[in-house]
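Novice: Have a look at this one before I ask anything.
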Amino acid sequence: MECKVLEYDGSWYGLLTLIFEVYEYKYEVSAIINHQRAELQSDFFAQNARITTNQQKAERVMKGLKAKTGAQGLTELYEAYLSEIKGVEMLILKAVQYYFSLQQAGHKNYAHPQIIEIKKIVKSVSRERHRMKAFVRFQRLSDGIYFALVEPDFNVLPLIVKHFKERYADQQWIIYDGKRNYGISYDLHEVNEVIFGEEDVMVNQKSIANGWHEEEAFYGKLWNLYFKSVNIKERKNTKLHMQHVPKRYWKYLNEKL
Amino acid sequence: MSERALEKLAILADAAKYDVSCSSSGSDRKNKNKGLGDTGAGICHTYTEDGRCVSLLKILLTNYCIYDCAYCVSRRSNDIKRAAFTVQEVVDLTINFYRRNYIEGLFLSSGIFKDPDYTMERLVRIAKKLRNEHNFNGYIHLKTIPGASQELIYEAGLYADRLSINLEIPTTSGLKLLAPEKDHQQMARPMDYIRNTIIQTREEKKIIKSTPKFVPAGQSTQMIIGAAKESDWQIIHAAQHFYKTYQLKRVYYSGYVPISNDTRLPALGTAVPMVRENRLYQTDWLLRFYKFEASEILNPTNPLLDLDIDPKLSWALRNMHQFPVDINRASYEMLLRVPGIGVTSAKKIVAARKFSKLRVIHLEKIGISLSKAKYFITCQGYQQQFVHLQADKIKHYILSQSTSKYIKGTSQQMQLF
């Protein structure tokens, strides 16, 4: 059995196809390379195998995982994948191999080193997802769209679509990930991905403010004032405050600007 | 809305800030007919500089009040700026803050002007307008005004997710001293009515699915800590009574912030009893999630909580005969009682020990606090060597190893007495 470096297209289904083929061709995997992130050395290795994403294969892996660990085990792996942490693909592969080697639901083994690692990543991703639900601040634009700019640590927009769609069912909104240069946009019917190309206005706080609805500044001011008025100065606790609202998020929050 | 709204908001948010409840969880109201908002697990959208969560737009409808409760900043004898929102202003603020994802909903309270029904009727009108005219499905917490009629309380319950009525002072004598115009019966009566109606609604819903919701997130209350010389036992005993009798979802504890030079109260400049407040919350958690009874933690002869250690550790040190606990065999209930093991860790232990016998290294990874737990457990490859020691020796070891965030706060308190 030879040791392979596997390349995939960076998509979730691509990674699942890869896992399928590891079983299909009995690969021994030495590394996994994500094309999207275009690691340069990828062409260097002669024994690389390129995985072509295949929906059927991906779905069979999903089905198998669900049977072993229930939806929860599968969701955890998807969230770990969204972390984009270097080496996470290998970790996911190892976790899947562990799950398939067991009779029991292996994702409940809180003492297993790789599972602990997965849980740790899932926790970070999940915390970031929660922070996006909390710290997204819509600004109303003159065309009526509520716009929010974010730069999450992990690629969590796919995890917050449902939340925002259900909550703001009667208003058009866009949440744009400035770091990954794509956004999610709701048009009162469905949520789609959007990418602002170069011909579009640059997306930053300044360009957003230029497009404000006439009421926006007033409500921003009211919110700011509210924030200051509910503080009890006799109970000042800067450490706790910073712990809950880490500084890197302040740029989204008009009450902290 | 006009510029005057800014001034009103500053006054009426400032006056509402002593009500500590900011919970927005526990309701099951979903977005319907493509309206605005829904409720879920609750989200804190920001935190004030005192470290408290901001989840709801927490304001008073007005700070005019006919009562003169000594502990309250809005008491009628206090010479402060007064203001009142219109119904439309509160509705606009709520909707516009909500649309920008600033808040989970509205927490509306009020000073009592004219009479209880007049005040309650306006609170209800705002909630009704939000629900019926704006199809607003976010979270609404309304204050029940003591003395308001049952019809109005019922109507409030149809629109609100949560209703609350604050006990403020847990002892009868304390209330008599500080708020002679109020009595506990006034507060217990509506709580009793709301509890009964919640139960009745739940029963009817089983038969008729379309039965309208009634206070789906239940009711809560608040007690002020350190204003009326009450003991921790009196507070916790009252809390347990209200949890059991009225099936409250939460009891909040609010350390008294001196706002008056009234001689019946701690003087201006007295420190807010934040450590004590924290210990009371920990005790409250023990009652709600760790299956403790109030009498296991405090009693009339030992009425005060330790300030230097948490109440669970304190209980364990008084009950050394129940330890050590074998991690690989103990019941979930007993694991919960081990200092350093929380609800999450206890559940993980129960799940993980099915795969293999757990060792210290596993416990570290699971996330239990070994610096405390090591005195109370055994596990694979770890024999208990401390448990025979005197309890105060263990306490000394634990305290000398910890850098409690409260040590500074505690010593400040000590200097005052």
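Identifiers in the structure tokens: chain A, B, ... in order shown; residue index from 1 per chain; ligand index from 1 in order shown.
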Near chain A, meaning an atom within 7 Å, which residues of chain B appear when counting only C-alpha atoms? Write them as an MDAnalysis selection string.

Specialist: chainID B and resid 6 9:10 13:14 17 31 34:38 43:51 100:102 348 351:352 355 362 365:366

Novice: Do a neighbour search on Glu151 of chain A at 7 Å with only C-alpha atoms, toss out local chain neighbours closer than 6 positions, and write the hits as an NGL selection string.

Specialist: :A and (177-179)

Novice: Of the candidates B:Ala238, B:Leu248, B:Leu304, B:Ala294, which shows the shortest atom-to-atom distance to Ser164 of chain B, using only C-alpha atoms?

Specialist: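 Ranked by minimum distance to Ser164 of chain B, first place goes to B:Leu248.
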
Novice: Got a sec: who's within 6 Å of segment 225-235 of chain B, counting only C-alpha atoms, leaving out chain neighbours fewer than 3 positions off, as a list in words?

Specialist: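 In the requested form, the answer reads Gly174, Ala238, Ser254, Gly255, Tyr256, Leu265, Leu298, Pro303 and Leu304 of chain B.
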
Novice: Take atom CA of Tyr182 of chain A and atom CA of Leu159 of chain A and report the distance between them in Å, one decimal.

Specialist: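 Value for the atom CA of Tyr182 of chain A-atom CA of Leu159 of chain A distance: 14.2 Å.
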
Novice: Which residues come within 7 Å of segment 55-58 of chain A, counting only C-alpha atoms, excluding same-chain residues fewer than 6 positions away, as a VMD selection string?

Specialist: chain A and resid 13 16 to 17 20

Novice: Which parts of segment 34-177 of chain A does DSSP call strand (DSSP E or B) when run on the backbone here, written out as a count of residues only?

Specialist: 17

Novice: Just the number, please: distance in Å from atom CA of Ser27 of chain B to atom CA of Lys249 of chain B, one decimal.

Specialist: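 Computing it gives 11.3 Å between the two atoms.
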
Novice: Considering only C-alpha atoms, can you say which of A:Arg180, A:Lys94, A:Arg60, A:Arg248 comes closest to Glu28 of chain A?

Specialist: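 Using only C-alpha atoms, Glu28 of chain A sits closest to A:Lys94.
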
Novice: Would you work out the distance separating atom CA of Leu317 of chain B from atom CA of His388 of chain B, expressed in Å to one decimal?

Specialist: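 Between these atoms lies a distance of 11.4 Å.
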
Novice: Would you kindly return, as a VMD selection string, each protein, DNA or RNA residue with an atom no farther than 12 Å from any atom of Asp19 of chain B, considering only C-alpha atoms and excluding same-chain residues fewer than 5 positions away?

Specialist: (chain A and resid 230 to 232) or (chain B and resid 13 to 14 52 56 58 to 60 72 to 73 107 to 110 141 to 143 164 to 168 220 to 224 251 to 257)

Novice: Can you tell me which residues surround segment 2-7 of chain A at a distance of at most 7 Å, considering only C-alpha atoms, apart from same-chain residues fewer than 3 positions away, and format the answer as a ChimeraX atom specification?

Specialist: /A:27-35,47-51
